[in-house]
Each structure stands twice: as C-alpha cells, then as structure tokens.
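**Student:** Next comes the structure file model-v4.cif, holding mmCIF, C-alpha atoms.
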data_coords
loop_
_atom_site.label_atom_id
_atom_site.label_comp_id
_atom_site.auth_asym_id
_atom_site.auth_seq_id
_atom_site.Cartn_x
_atom_site.Cartn_y
_atom_site.Cartn_z
CA MET A 167 111.31 179.56 -67.80
CA ASP A 168 108.68 181.29 -69.92
CA GLY A 169 107.09 184.11 -67.98
CA ALA A 170 109.85 184.11 -65.36
CA HIS A 171 110.90 187.48 -64.01
CA ASN A 172 114.01 188.76 -65.74
CA PRO A 173 115.71 191.45 -63.59
CA GLU A 174 117.99 192.56 -66.42
CA HIS A 175 115.04 193.23 -68.75
CA ALA A 176 113.19 195.10 -66.01
CA PHE A 177 116.22 197.30 -65.30
CA ARG A 178 116.58 198.20 -68.98
CA GLU A 179 112.87 198.94 -69.31
CA ALA A 180 113.25 201.35 -66.40
CA GLY A 181 116.06 203.13 -68.24
CA ALA A 182 118.91 201.78 -66.09
CA ARG A 183 122.39 202.01 -67.54
CA GLU A 184 124.59 198.95 -67.36
CA GLU A 185 127.82 199.49 -65.42
CA ARG A 186 130.90 197.69 -66.69
CA PHE A 187 134.02 196.94 -64.72
CA ALA A 188 136.45 196.40 -67.60
CA PRO A 189 139.95 197.80 -67.20
CA ALA A 190 140.81 201.17 -68.68
CA THR A 191 141.34 201.02 -72.44
CA GLU A 192 143.61 204.06 -72.69
CA PRO A 193 147.23 202.90 -72.28
CA ARG A 194 149.43 204.94 -69.98
CA GLY A 195 153.18 205.41 -69.88
CA LYS A 196 155.90 205.22 -72.48
CA PRO A 197 156.00 202.03 -74.60
CA TYR A 198 159.12 199.89 -74.87
CA GLY A 199 158.01 197.02 -77.07
CA ARG A 200 155.14 195.33 -75.23
CA LEU A 201 156.22 196.95 -71.93
CA ARG A 202 155.12 200.36 -70.68
CA VAL A 203 157.19 202.42 -68.24
CA LEU A 204 155.07 204.54 -65.89
CA THR A 205 155.83 207.59 -63.76
CA LEU A 206 154.47 208.99 -60.50
CA ALA A 207 152.15 211.16 -62.57
CA ASP A 208 150.71 207.97 -64.07
CA ALA A 209 150.21 206.62 -60.55
CA GLU A 210 148.24 209.74 -59.60
CA SER A 211 145.96 209.34 -62.61
CA ALA A 212 145.51 205.58 -62.18
CA PRO A 213 141.84 204.50 -62.05
CA PRO A 214 140.37 203.93 -58.58
CA ARG A 215 140.03 200.42 -57.21
CA HIS A 216 136.48 199.18 -57.63
CA TYR A 217 134.82 196.38 -55.73
CA LEU A 218 132.34 193.76 -56.84
CA LEU A 219 132.00 192.59 -53.23
CA ARG A 220 133.20 195.23 -50.79
CA GLY A 221 136.57 194.49 -49.23
CA LEU A 222 136.93 191.07 -50.91
CA ILE A 223 136.37 190.77 -54.66
CA ALA A 224 137.65 193.33 -57.16
CA PRO A 225 137.66 193.27 -60.99
CA GLY A 226 140.68 191.89 -62.79
CA GLU A 227 142.09 190.15 -59.72
CA LEU A 228 142.71 186.53 -58.75
CA SER A 229 141.34 184.90 -55.61
CA LEU A 230 142.05 181.42 -54.24
CA TRP A 231 139.40 179.67 -52.14
CA TRP A 232 140.78 176.47 -50.67
CA GLY A 233 139.93 173.94 -48.03
CA ALA A 234 139.89 170.28 -47.07
CA PRO A 235 137.41 167.97 -48.82
CA LYS A 236 133.74 168.34 -47.81
CA CYS A 237 134.19 171.75 -46.17
CA GLY A 238 131.52 173.43 -48.33
CA LYS A 239 133.80 175.58 -50.49
CA SER A 240 131.96 174.91 -53.77
CA PHE A 241 128.57 175.56 -52.16
CA LEU A 242 129.92 178.82 -50.72
CA LEU A 243 131.38 180.07 -54.01
CA LEU A 244 128.22 179.20 -55.90
CA ARG A 245 126.16 181.19 -53.38
CA LEU A 246 128.58 184.13 -53.57
CA ALA A 247 128.65 184.06 -57.37
CA TYR A 248 124.89 183.73 -57.78
CA GLY A 249 124.36 186.51 -55.25
CA LEU A 250 126.69 188.78 -57.21
CA ALA A 251 124.62 188.11 -60.34
CA LEU A 252 121.68 189.51 -58.35
CA GLY A 253 123.70 192.35 -56.80
CA ARG A 254 123.49 190.74 -53.35
CA GLY A 255 126.49 190.34 -51.05
CA MET A 256 127.12 188.43 -47.83
CA TRP A 257 128.30 189.22 -44.31
CA GLY A 258 127.07 192.79 -44.51
CA ARG A 259 129.35 193.56 -47.46
CA LYS A 260 127.77 195.49 -50.30
CA ALA A 261 127.85 194.08 -53.82
CA LYS A 262 127.40 195.44 -57.32
CA PRO A 263 125.31 193.56 -59.90
CA CYS A 264 127.68 191.38 -61.92
CA ARG A 265 127.70 189.03 -64.87
CA VAL A 266 129.04 185.66 -63.76
CA LEU A 267 130.49 182.74 -65.72
CA TYR A 268 130.75 179.65 -63.54
CA VAL A 269 132.90 176.76 -64.82
CA ALA A 270 131.43 173.76 -62.98
CA ALA A 271 134.10 171.29 -64.02
CA GLU A 272 133.76 169.18 -60.88
CA GLY A 273 130.49 167.68 -59.69
CA GLU A 274 128.73 168.97 -62.80
CA GLY A 275 126.13 166.22 -62.51
CA GLY A 276 124.37 167.92 -59.59
CA PHE A 277 125.14 171.51 -60.54
CA ALA A 278 121.85 172.21 -62.33
CA ALA A 279 119.88 171.09 -59.27
CA ARG A 280 121.94 173.37 -57.00
CA LEU A 281 121.40 176.26 -59.36
CA LEU A 282 117.63 175.82 -59.60
CA VAL A 283 117.39 175.67 -55.80
CA LEU A 284 119.24 178.99 -55.59
CA ARG A 285 116.94 180.53 -58.19
CA LYS A 286 113.90 179.46 -56.19
CA ASP A 287 115.42 180.70 -52.94
CA MET A 288 117.00 183.98 -54.08
CA GLY A 289 115.30 184.97 -57.35
CA ASP A 290 116.00 184.68 -61.06
CA ALA A 291 119.38 186.06 -62.15
CA GLY A 292 118.47 185.58 -65.82
CA GLU A 293 121.27 186.05 -68.33
CA ALA A 294 123.54 187.56 -65.66
CA PHE A 295 124.54 184.03 -64.61
CA ARG A 296 125.84 181.49 -67.12
CA TYR A 297 127.70 178.25 -66.54
CA ILE A 298 129.75 175.54 -68.20
CA ALA A 299 128.87 172.08 -66.85
CA GLN A 300 131.72 169.97 -68.19
CA ARG A 301 135.43 169.56 -67.71
CA ALA A 302 137.31 172.50 -69.23
CA THR A 303 141.10 172.51 -69.46
CA VAL A 304 142.49 175.97 -68.75
CA GLY A 305 146.03 174.73 -68.66
CA PRO A 306 148.52 173.41 -69.04
CA PRO A 307 147.84 172.53 -71.80
CA ALA A 308 145.33 175.32 -72.43
CA ASP A 309 143.01 173.27 -74.63
CA ASP A 310 139.84 175.18 -73.69
CA LEU A 311 141.26 178.52 -72.59
CA GLU A 312 140.36 180.33 -75.83
CA ASP A 313 136.76 179.08 -75.57
CA VAL A 314 136.40 180.12 -71.93
CA ILE A 315 137.74 183.57 -72.81
CA ALA A 316 135.32 183.81 -75.74
CA ALA A 317 132.35 182.78 -73.58
CA ALA A 318 133.31 185.27 -70.88
CA ARG A 319 133.77 188.12 -73.35
CA ASP A 320 130.53 187.28 -75.13
CA MET A 321 128.51 187.82 -71.94
CA GLY A 322 130.74 190.59 -70.54
CA ALA A 323 131.58 188.54 -67.44
CA ASN A 324 132.78 190.44 -64.37
CA VAL A 325 133.41 187.24 -62.37
CA ILE A 326 134.67 183.85 -63.55
CA VAL A 327 134.71 180.89 -61.16
CA LEU A 328 136.91 177.86 -61.87
CA ASP A 329 135.51 174.93 -59.87
CA THR A 330 137.98 173.31 -59.27
CA LEU A 331 141.67 173.73 -60.07
CA ALA A 332 142.09 169.95 -60.28
CA ARG A 333 139.42 169.67 -63.00
CA THR A 334 140.63 172.67 -65.02
CA PHE A 335 144.36 172.08 -64.58
CA GLY A 336 144.98 169.71 -67.47
CA GLU A 337 147.73 167.13 -67.74
CA GLY A 338 150.35 168.90 -65.63
CA ASP A 339 151.53 168.09 -62.11
CA GLU A 340 150.09 170.32 -59.38
CA ASN A 341 153.27 169.79 -57.33
CA ALA A 342 155.56 171.04 -60.09
CA ALA A 343 156.23 174.78 -59.91
CA ARG A 344 156.62 174.92 -63.70
CA ASP A 345 153.21 173.36 -64.35
CA MET A 346 151.49 175.45 -61.69
CA GLY A 347 153.20 178.48 -63.20
CA GLY A 348 151.64 177.52 -66.55
CA PHE A 349 148.20 177.43 -64.90
CA VAL A 350 148.81 180.86 -63.35
CA ALA A 351 149.85 182.19 -66.77
CA SER A 352 146.56 180.92 -68.24
CA VAL A 353 144.56 182.53 -65.43
CA ASP A 354 146.48 185.78 -65.95
CA ARG A 355 145.51 185.73 -69.60
CA LEU A 356 141.90 185.00 -68.66
CA ARG A 357 141.89 188.01 -66.33
CA THR A 358 143.70 190.31 -68.74
CA GLU A 359 141.58 189.58 -71.80
CA THR A 360 138.22 189.75 -69.98
CA GLY A 361 138.83 192.24 -67.16
CA ALA A 362 137.02 189.79 -64.87
CA HIS A 363 137.83 188.65 -61.37
CA VAL A 364 138.84 184.98 -61.49
CA ALA A 365 138.04 182.89 -58.40
CA VAL A 366 139.77 179.51 -58.26
CA ILE A 367 138.44 176.79 -55.96
CA HIS A 368 141.22 174.47 -54.83
CA HIS A 369 141.47 171.42 -52.61
CA GLY A 370 143.52 171.40 -49.46
CA THR A 371 145.21 168.45 -47.85
CA LYS A 372 143.02 166.01 -45.94
CA GLU A 373 144.37 167.48 -42.72
CA GLY A 374 143.39 170.95 -43.93
CA GLY A 375 146.73 172.50 -43.03
CA SER A 376 147.63 173.78 -46.50
CA SER A 377 146.45 173.87 -50.09
CA ARG A 378 147.63 171.10 -52.38
CA GLY A 379 150.48 171.43 -54.83
CA SER A 380 153.06 174.08 -55.67
CA GLY A 381 152.88 177.45 -53.94
CA ALA A 382 153.08 179.35 -57.25
CA LEU A 383 149.32 179.95 -57.24
CA VAL A 384 149.37 181.15 -53.63
CA GLY A 385 152.07 183.65 -54.50
CA ALA A 386 150.09 184.97 -57.48
CA ALA A 387 146.71 185.37 -55.73
CA ASP A 388 145.43 188.79 -54.68
CA LEU A 389 143.11 187.18 -52.14
CA ILE A 390 143.48 183.85 -50.31
CA VAL A 391 140.54 182.43 -48.35
CA LYS A 392 140.69 179.23 -46.32
CA VAL A 393 137.34 177.45 -46.00
CA ALA A 394 137.00 175.14 -42.99
CA LYS A 395 134.26 172.94 -41.61
CA GLY A 396 133.01 173.94 -38.18
CA ALA A 397 133.07 171.71 -35.13
CA GLN A 398 129.85 170.00 -34.05
CA GLY A 399 127.10 172.60 -34.07
CA GLU A 400 129.45 175.42 -35.08
CA PRO A 401 129.29 177.22 -38.43
CA ASN A 402 131.82 176.75 -41.18
CA THR A 403 134.25 179.61 -41.70
CA ALA A 404 135.88 181.34 -44.66
CA THR A 405 138.96 183.01 -43.21
CA VAL A 406 140.78 185.70 -45.18
CA GLU A 407 144.36 184.45 -44.87
CA ALA A 408 145.89 187.11 -47.10
CA ALA A 409 144.67 190.12 -49.05
CA LYS A 410 147.22 192.19 -50.93
CA ASP A 411 145.26 195.43 -50.86
CA ASP A 412 142.60 194.87 -48.17
CA ALA A 413 142.40 193.91 -44.52
CA ASP A 414 143.00 190.25 -43.79
CA GLY A 415 142.11 188.10 -40.80
CA ALA A 416 138.31 188.28 -41.08
CA ALA A 417 136.57 184.97 -40.25
CA LEU A 418 133.34 184.89 -42.26
CA ALA A 419 130.86 182.35 -40.94
CA PHE A 420 128.40 180.33 -43.02
CA ARG A 421 126.21 177.27 -42.70
CA LEU A 422 125.02 174.68 -45.21
CA ARG A 423 121.24 174.31 -45.24
CA LEU A 424 119.86 171.03 -46.56
CA VAL A 425 117.18 171.39 -49.23
CA ASP A 426 114.97 168.60 -50.56
CA LEU A 427 114.91 168.00 -54.31
CA PRO A 428 112.24 166.28 -56.38
CA PRO A 429 112.79 162.50 -56.48
CA GLY A 430 114.92 161.21 -59.35
CA VAL A 431 113.93 158.67 -61.97
CA ASP A 432 114.44 155.92 -59.40
CA ARG A 433 111.96 157.74 -57.07
CA GLU A 434 114.63 157.93 -54.38
CA PRO A 435 114.68 161.14 -52.25
CA ARG A 436 117.40 163.64 -53.12
CA GLN A 437 118.93 166.60 -51.29
CA THR A 438 121.38 169.43 -51.92
CA CYS A 439 122.73 172.34 -49.87
CA ILE A 440 122.58 176.12 -49.91
CA ALA A 441 125.35 178.13 -48.23
CA GLU A 442 124.00 180.89 -45.98
CA GLU A 443 125.84 183.39 -43.85
CA ALA A 444 125.64 182.57 -40.15
CA GLU A 445 124.21 185.75 -38.70
CA GLY A 446 126.09 187.05 -35.72
CA GLU A 447 128.45 184.07 -35.62
CA GLY A 448 132.16 184.20 -36.33
CA GLN A 449 132.02 187.16 -38.68
CA ARG A 450 135.10 188.64 -37.02
CA ARG A 451 137.97 187.09 -35.18
CA LYS A 452 137.06 189.17 -32.15
CA PRO A 453 134.46 191.96 -31.84
CA PRO A 454 136.16 195.26 -31.02
CA SER A 455 135.97 196.18 -27.35
CA GLY A 456 137.70 198.50 -24.94
CA VAL A 457 140.08 200.99 -26.52
CA PRO A 458 139.65 199.75 -30.14
CA ARG A 459 135.88 200.03 -29.83
CA GLN A 460 136.19 203.59 -28.52
CA ALA A 461 138.51 204.48 -31.42
CA LEU A 462 136.08 202.91 -33.92
CA ARG A 463 133.13 204.89 -32.55
CA THR A 464 135.20 208.06 -32.73
CA LEU A 465 135.92 207.30 -36.39
CA ALA A 466 132.22 206.65 -37.04
CA ASP A 467 131.36 210.04 -35.51
CA LEU A 468 133.91 211.80 -37.70
CA ILE A 469 132.71 210.11 -40.89
CA VAL A 470 129.13 211.19 -40.12
CA THR A 471 130.06 214.81 -39.33
CA GLU A 472 133.19 215.45 -41.42
CA GLY A 473 133.52 212.54 -43.83
CA GLN A 474 134.71 213.31 -47.36
CA PRO A 475 134.87 211.17 -50.52
CA ILE A 476 138.24 209.43 -50.61
CA PRO A 477 140.39 210.74 -53.50
CA THR A 478 140.46 208.37 -56.46
CA GLY A 479 143.71 206.74 -57.39
CA ALA A 480 145.57 203.48 -57.54
CA LEU A 481 144.37 200.96 -54.93
CA MET A 482 141.87 203.43 -53.47
CA PRO A 483 138.20 202.35 -53.24
CA ASP A 484 135.49 204.13 -55.16
CA ASP A 485 132.34 205.66 -53.68
CA MET A 486 133.63 205.65 -50.09
CA LYS A 487 133.77 208.34 -47.41
CA GLY A 488 136.57 208.63 -44.92
CA VAL A 489 138.68 211.08 -42.94
CA ARG A 490 142.36 211.88 -42.71
CA GLU A 491 144.21 209.61 -40.30
CA GLU A 492 145.71 212.63 -38.52
CA ARG A 493 142.23 214.06 -37.90
CA TRP A 494 141.12 210.73 -36.39
CA ARG A 495 144.20 210.71 -34.18
CA GLU A 496 143.49 214.27 -32.99
CA GLU A 497 139.88 213.46 -32.13
CA CYS A 498 140.87 210.29 -30.27
CA ASP A 499 143.33 212.38 -28.28
CA ALA A 500 140.66 214.99 -27.56
CA ARG A 501 138.29 212.27 -26.31
CA ARG A 502 141.05 210.83 -24.12
CA LEU A 503 141.45 207.48 -25.83
CA SER A 504 144.52 207.24 -23.60
CA VAL A 505 145.01 209.03 -20.29
CA ALA A 506 148.80 208.82 -20.49
CA GLY A 507 150.57 212.09 -19.85
CA ASN A 508 153.26 211.49 -22.46
CA SER A 509 152.26 212.21 -26.09
CA LYS A 510 154.41 209.31 -27.33
CA ASP A 511 152.54 206.90 -25.04
CA ARG A 512 149.17 208.25 -26.23
CA ASP A 513 150.31 207.84 -29.84
CA ARG A 514 151.37 204.26 -29.09
CA VAL A 515 147.89 203.48 -27.73
CA PHE A 516 146.26 204.98 -30.82
CA ARG A 517 148.47 203.04 -33.21
CA ARG A 518 147.77 199.77 -31.40
CA ALA A 519 144.00 200.39 -31.55
CA ALA A 520 144.22 201.22 -35.27
CA LYS A 521 146.22 198.02 -35.93
CA ASP A 522 143.70 195.90 -33.99
CA LEU A 523 140.84 197.38 -36.03
CA ARG A 524 142.68 196.75 -39.30
CA ASP A 525 143.47 193.16 -38.30
CA ALA A 526 139.80 192.60 -37.43
CA GLY A 527 138.71 193.83 -40.85
CA GLU A 528 136.88 196.86 -39.41
CA ILE A 529 138.83 199.63 -41.14
CA ALA A 530 141.27 200.26 -43.97
CA MET A 531 144.05 202.86 -44.09
CA ARG A 532 145.99 204.07 -47.09
CA ASP A 533 147.74 207.25 -48.25
CA GLY A 534 146.84 209.08 -45.04
CA TRP A 535 143.12 208.24 -45.27
CA VAL A 536 141.08 205.91 -43.08
CA TRP A 537 137.61 204.48 -43.70
CA MET A 538 135.27 201.83 -42.31
CA LEU A 539 134.80 198.46 -44.01
CA ARG A 540 131.63 197.55 -42.09
CA ASP A 541 128.56 199.34 -40.85
CA GLY A 542 129.07 200.43 -37.24
CA GLU A 543 127.83 202.62 -34.39
CA ASP A 544 128.68 206.15 -33.42
CA ALA A 545 129.33 207.21 -29.81
CA GLY A 546 125.59 207.61 -29.22
CA GLY A 547 124.85 204.05 -30.35
CA ALA A 548 123.24 205.16 -33.63
CA ARG A 549 123.82 202.95 -36.66
CA VAL A 550 126.38 204.29 -39.14
CA SER A 551 125.92 202.87 -42.66
CA LEU A 552 128.57 202.73 -45.34
#
Show this structure as structure tokens.
**Tutor:**
Amino acid sequence: MDGAHNPEHAFREAGAREERFAPATEPRGKPYGRLRVLTLADAESAPPRHYLLRGLIAPGELSLWWGAPKCGKSFLLLRLAYGLALGRGMWGRKAKPCRVLYVAAEGEGGFAARLLVLRKDMGDAGEAFRYIAQRATVGPPADDLEDVIAAARDMGANVIVLDTLARTFGEGDENAARDMGGFVASVDRLRTETGAHVAVIHHGTKEGGSSRGSGALVGAADLIVKVAKGAQGEPNTATVEAAKDDADGAALAFRLRLVDLPPGVDREPRQTCIAEEAEGEGQRRKPPSGVPRQALRTLADLIVTEGQPIPTGALMPDDMKGVREERWREECDARRLSVAGNSKDRDRVFRRAAKDLRDAGEIAMRDGWVWMLRDGEDAGGARVSL
C-alpha cells in the first residue's frame, strides 16, 4: 500500500479538524451512588442527537440487522461501514466521516478479498477502517470484550460492526433470555465505554419470518432492519422495521454485484460481491402522491423560504432546518390541501397526510417541529436539498 492515497493524511495536511462523536463527558443531574437523577432543566440542556448516517445510524446506539441466510446482510453492512469510513452514505442519506472497527467473526476467510474490492471500487479509507478477522467472544462469557473495547478506543471508533451475533455470542444459548440478556449487557458496555454505534448482524429463521433466538436483543435495539432477498430480477431490500427515534417503514433497495477476483493458488476463478443501492427501486414503500405529495411540496417551500435551524436538545437532530408544525398546517390550509368546509375535517386531512409522510420516511416531527428526511421538490418542481 506504499504510495496509496490516504484521505486522513490529506485532510490533516489541509488543516481539517477531526470531529468526534463521543458522548458528553460532563455528568448531569444529582448523583445517587452510580445513578444520576435528572430534571426537566437537564432535558433542555441535553446534547442534540447526531447522525453518522442521516435518519438511520447515530452514535452510542444499537442497531440489529437481521435476515434469512444468503440474503446479503453481511455484504450490505460491509458496504455501509466502509462507506462511512469514507464519509459516503447510501440511498440519498448523508453521512459523516467515521472511524469503523469491523469484527469479521464469520466468513473471515474471504473478508480481506471483499475489503480490497471495496477499496478498489470506492477509494482508500486508510486508517479510518480497521477490522478483526477472527472469532471474538463478546459474551457470554465476555472473553474478548475487553480487547474489542481497547481496540475500538485506540482508534476512536464511531461505528463497531459485530458480524455475526452467532460468532460473537460465546457459549450461551441464543434462545435463553438470560444468555441473550448477557450479550445485550456486553454490547451496552461496548457502546458506553467507546461512545460508538454498535451494529449487530444476526441470522433469521430459514423462512425469514423472524430473527433467531430470544427477543431480548430486539427489545434493546434502537434500530431494527430486516434484510430480505428480492424475487427473481428484483432488488434485495433492507426494511426499517422499528426505529425508536426516527421514522420507520422505509424499504431501502440494494443489489449484489458480482466481482471477479484474481485466481487462487489452485488457479481456479474466484468471485465476491459488492452491495450497491438500487437507484430508483424500492427506496420507499410507496412514493408520495395526491394529498401527501401536495403537503410535502408545501413543506419544502416553507423550508426554503422560512426554514430555521431546529433547536438543539434531546433526540433532536443537529444541523437541520425545519419549520413549526403549526406553520406547515396553516400553509397547507391556505393552499387548500383540503376543500372541506369544516375546520375539523381539514385538520383530519392534514394529520393523515403528515402520518403518511412519516410512515414513508419522508419527514420527522418532534416537539412541534417538522423537517424533511430526504431531498425533495418544491411546488415549482425545483430540487430542495437537505
């Protein structure tokens, strides 16, 4: 790799300042032993919610990516993780440059080849991407947890991928709530001591109807994504089943592209795959149309003409413009989103349109504010960028 371009070195030479996503170090609230009791004033001063990948991945959280065997989940997470190391997102979602530690505990034999193909295809992530290519037991028992934490802290990791739960679980029983609870406790410690987002790749049943094992991990996850193989000729999908603080329901499409590798020692041809977003295919459950589309364009107009930075605070995104929900409602009424004569009926139409847009992953609403999660169009058809 001598002479290879190192983006991190180039950024530092240009005087760029590294941005960290570690949790706040100043404790808040009144201590009671190891516990701290907070007040509403503490809630108002809570740090804003940052994103590493807009609307999906945030620092210090836990995500679960699961699917039936051979659905492409490991290829997808590797592409997402490597892209984050380069500051590149997917599906039109913006990303911030991250430091990634990838624990390739399953299929480690071919991991280096996959990684080198990504470097050739996307560029050199340099020291921003590091990996462990051997089985690592996070717990229970937590034989390697201390070492994973040390490796993550040494590089300042913002994202840690555990691929897969089965190969990092240890000697416990996935079906036992107590053992799965022990795994969750280990992951919680990994998140707490590093400040990183931890993404766990997990197998589903052969039928693909549910993830394997106890539901303790599902209950603990901040984000749950089901990865499914597409029908003949159709793209695979990563569907956001649940997101505690973001819109769920988005169906994010991707395809696996076959890539030839140099022949092995036996001179036999070899191949691997790269996950790529499927442009224009399945990126939403249903594109907004009719009344929801009119409401979305009205919102886009308002953000362009009157948009303000959303106040910082707990669970609120950073660096995002929006408008007050009441102002959006007034403008929709002024533009006759509904022609009903009764104000209650018009309000019902507005609320239904807002719910449809939230369910489709187009907008987010919180604390009286509303903002767009995707680039869109204003009423004149002009592109509105986030």
**Student:** Between A:Pro213, A:Gly527, A:Gly370, A:Gly488, which is the closest to Ala417 of chain A once you count all atoms listed in the file?
**Tutor:**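 Selected residue with least distance to Ala417 of chain A: A:Gly527.
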**Student:** Hey, what comes out of the PyMOL selection byres ((chain A and resi 278-282) around 8) on this file? Could you write it as a short mmCIF file (atom, residue, chain, number, x, y, z; two decimals) with C-alpha atoms, in the frame of the given file?
**Tutor:**
data_model
loop_
_atom_site.label_atom_id
_atom_site.label_comp_id
_atom_site.auth_asym_id
_atom_site.auth_seq_id
_atom_site.Cartn_x
_atom_site.Cartn_y
_atom_site.Cartn_z
CA GLU A 274 128.73 168.97 -62.80
CA GLY A 275 126.13 166.22 -62.51
CA GLY A 276 124.37 167.92 -59.59
CA PHE A 277 125.14 171.51 -60.54
CA VAL A 283 117.39 175.67 -55.80
CA LEU A 284 119.24 178.99 -55.59
CA ARG A 285 116.94 180.53 -58.19
CA LYS A 286 113.90 179.46 -56.19
CA LEU A 427 114.91 168.00 -54.31
CA THR A 438 121.38 169.43 -51.92
CA CYS A 439 122.73 172.34 -49.87
CA ILE A 440 122.58 176.12 -49.91
#
**Student:** Give me the residues within 12 Å of Phe349 of chain A as an MDAnalysis selection string, counting all atoms listed in the file and dropping any in the same chain fewer than 6 places off.
**Tutor:** chainID A and resid 303:309 311 328 331:343 355:356 366 379:384 386
**Student:** Those residues with C-alpha atoms, as an mmCIF file, in the coordinates of the input please?
**Tutor:**
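Contents of selection_19.cif, as written:
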data_model
loop_
_atom_site.group_PDB
_atom_site.id
_atom_site.type_symbol
_atom_site.label_atom_id
_atom_site.label_comp_id
_atom_site.auth_asym_id
_atom_site.auth_seq_id
_atom_site.Cartn_x
_atom_site.Cartn_y
_atom_site.Cartn_z
ATOM 1 C CA THR A 303 141.100 172.510 -69.460
ATOM 2 C CA VAL A 304 142.490 175.970 -68.750
ATOM 3 C CA GLY A 305 146.030 174.730 -68.660
ATOM 4 C CA PRO A 306 148.520 173.410 -69.040
ATOM 5 C CA PRO A 307 147.840 172.530 -71.800
ATOM 6 C CA ALA A 308 145.330 175.320 -72.430
ATOM 7 C CA ASP A 309 143.010 173.270 -74.630
ATOM 8 C CA LEU A 311 141.260 178.520 -72.590
ATOM 9 C CA LEU A 328 136.910 177.860 -61.870
ATOM 10 C CA LEU A 331 141.670 173.730 -60.070
ATOM 11 C CA ALA A 332 142.090 169.950 -60.280
ATOM 12 C CA ARG A 333 139.420 169.670 -63.000
ATOM 13 C CA THR A 334 140.630 172.670 -65.020
ATOM 14 C CA PHE A 335 144.360 172.080 -64.580
ATOM 15 C CA GLY A 336 144.980 169.710 -67.470
ATOM 16 C CA GLU A 337 147.730 167.130 -67.740
ATOM 17 C CA GLY A 338 150.350 168.900 -65.630
ATOM 18 C CA ASP A 339 151.530 168.090 -62.110
ATOM 19 C CA GLU A 340 150.090 170.320 -59.380
ATOM 20 C CA ASN A 341 153.270 169.790 -57.330
ATOM 21 C CA ALA A 342 155.560 171.040 -60.090
ATOM 22 C CA ALA A 343 156.230 174.780 -59.910
ATOM 23 C CA ARG A 355 145.510 185.730 -69.600
ATOM 24 C CA LEU A 356 141.900 185.000 -68.660
ATOM 25 C CA VAL A 366 139.770 179.510 -58.260
ATOM 26 C CA GLY A 379 150.480 171.430 -54.830
ATOM 27 C CA SER A 380 153.060 174.080 -55.670
ATOM 28 C CA GLY A 381 152.880 177.450 -53.940
ATOM 29 C CA ALA A 382 153.080 179.350 -57.250
ATOM 30 C CA LEU A 383 149.320 179.950 -57.240
ATOM 31 C CA VAL A 384 149.370 181.150 -53.630
ATOM 32 C CA ALA A 386 150.090 184.970 -57.480
#
**Student:** Just to confirm, what's the straight-line distance from atom CA of Asp388 of chain A to atom CA of Ala441 of chain A in Å (one decimal)?
**Tutor:**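 For atom CA of Asp388 of chain A relative to atom CA of Ala441 of chain A, the distance reads 23.6 Å.
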**Student:** With a distance cut-off of 12 Å and all atoms listed in the file, select the neighbouring residues of Glu472 of chain A, excluding the residue or stretch itself and same-chain residues fewer than 5 positions from it, and output the selection as number ranges by chain.
**Tutor:** A: 464-467, 487-490, 493-494, 497
**Student:** For a test of reading the model, state the distance in Å between atom CA of Gly361 of chain A and atom CA of Arg319 of chain A, rounded to one decimal.
**Tutor:** 9.0 Å
**Student:** Which one is closest to Trp257 of chain A: A:Gly289, A:Pro197, A:Pro235, A:Gly221? Count all atoms listed in the file.
**Tutor:**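 Closest to Trp257 of chain A of all the choices is A:Gly221.
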**Student:** Can you work out which one of A:Val203, A:Ala291, A:Ala500, A:Val364 has the shortest atom-to-atom distance to Val350 of chain A, counting all atoms listed in the file?
**Tutor:**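 With all atoms listed in the file as the atom set, the closest residue is A:Val364.
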**Student:** Write out as a VMD selection string each polymer residue whose atoms come within 7 Å of Arg495 of chain A, counting only C-alpha atoms; drop sequence neighbours fewer than 4 positions from it.
**Tutor:** chain A and resid 491 499 516
**Student:** Output C-alpha atoms for every residue in the selection just made, as a PDB file, in the frame of the given file.
**Tutor:**
ATOM      1  CA  GLU A 491     144.210 209.610 -40.300  1.00  0.00           C
ATOM      2  CA  ASP A 499     143.330 212.380 -28.280  1.00  0.00           C
ATOM      3  CA  PHE A 516     146.260 204.980 -30.820  1.00  0.00           C
TER       4      PHE A 516
END
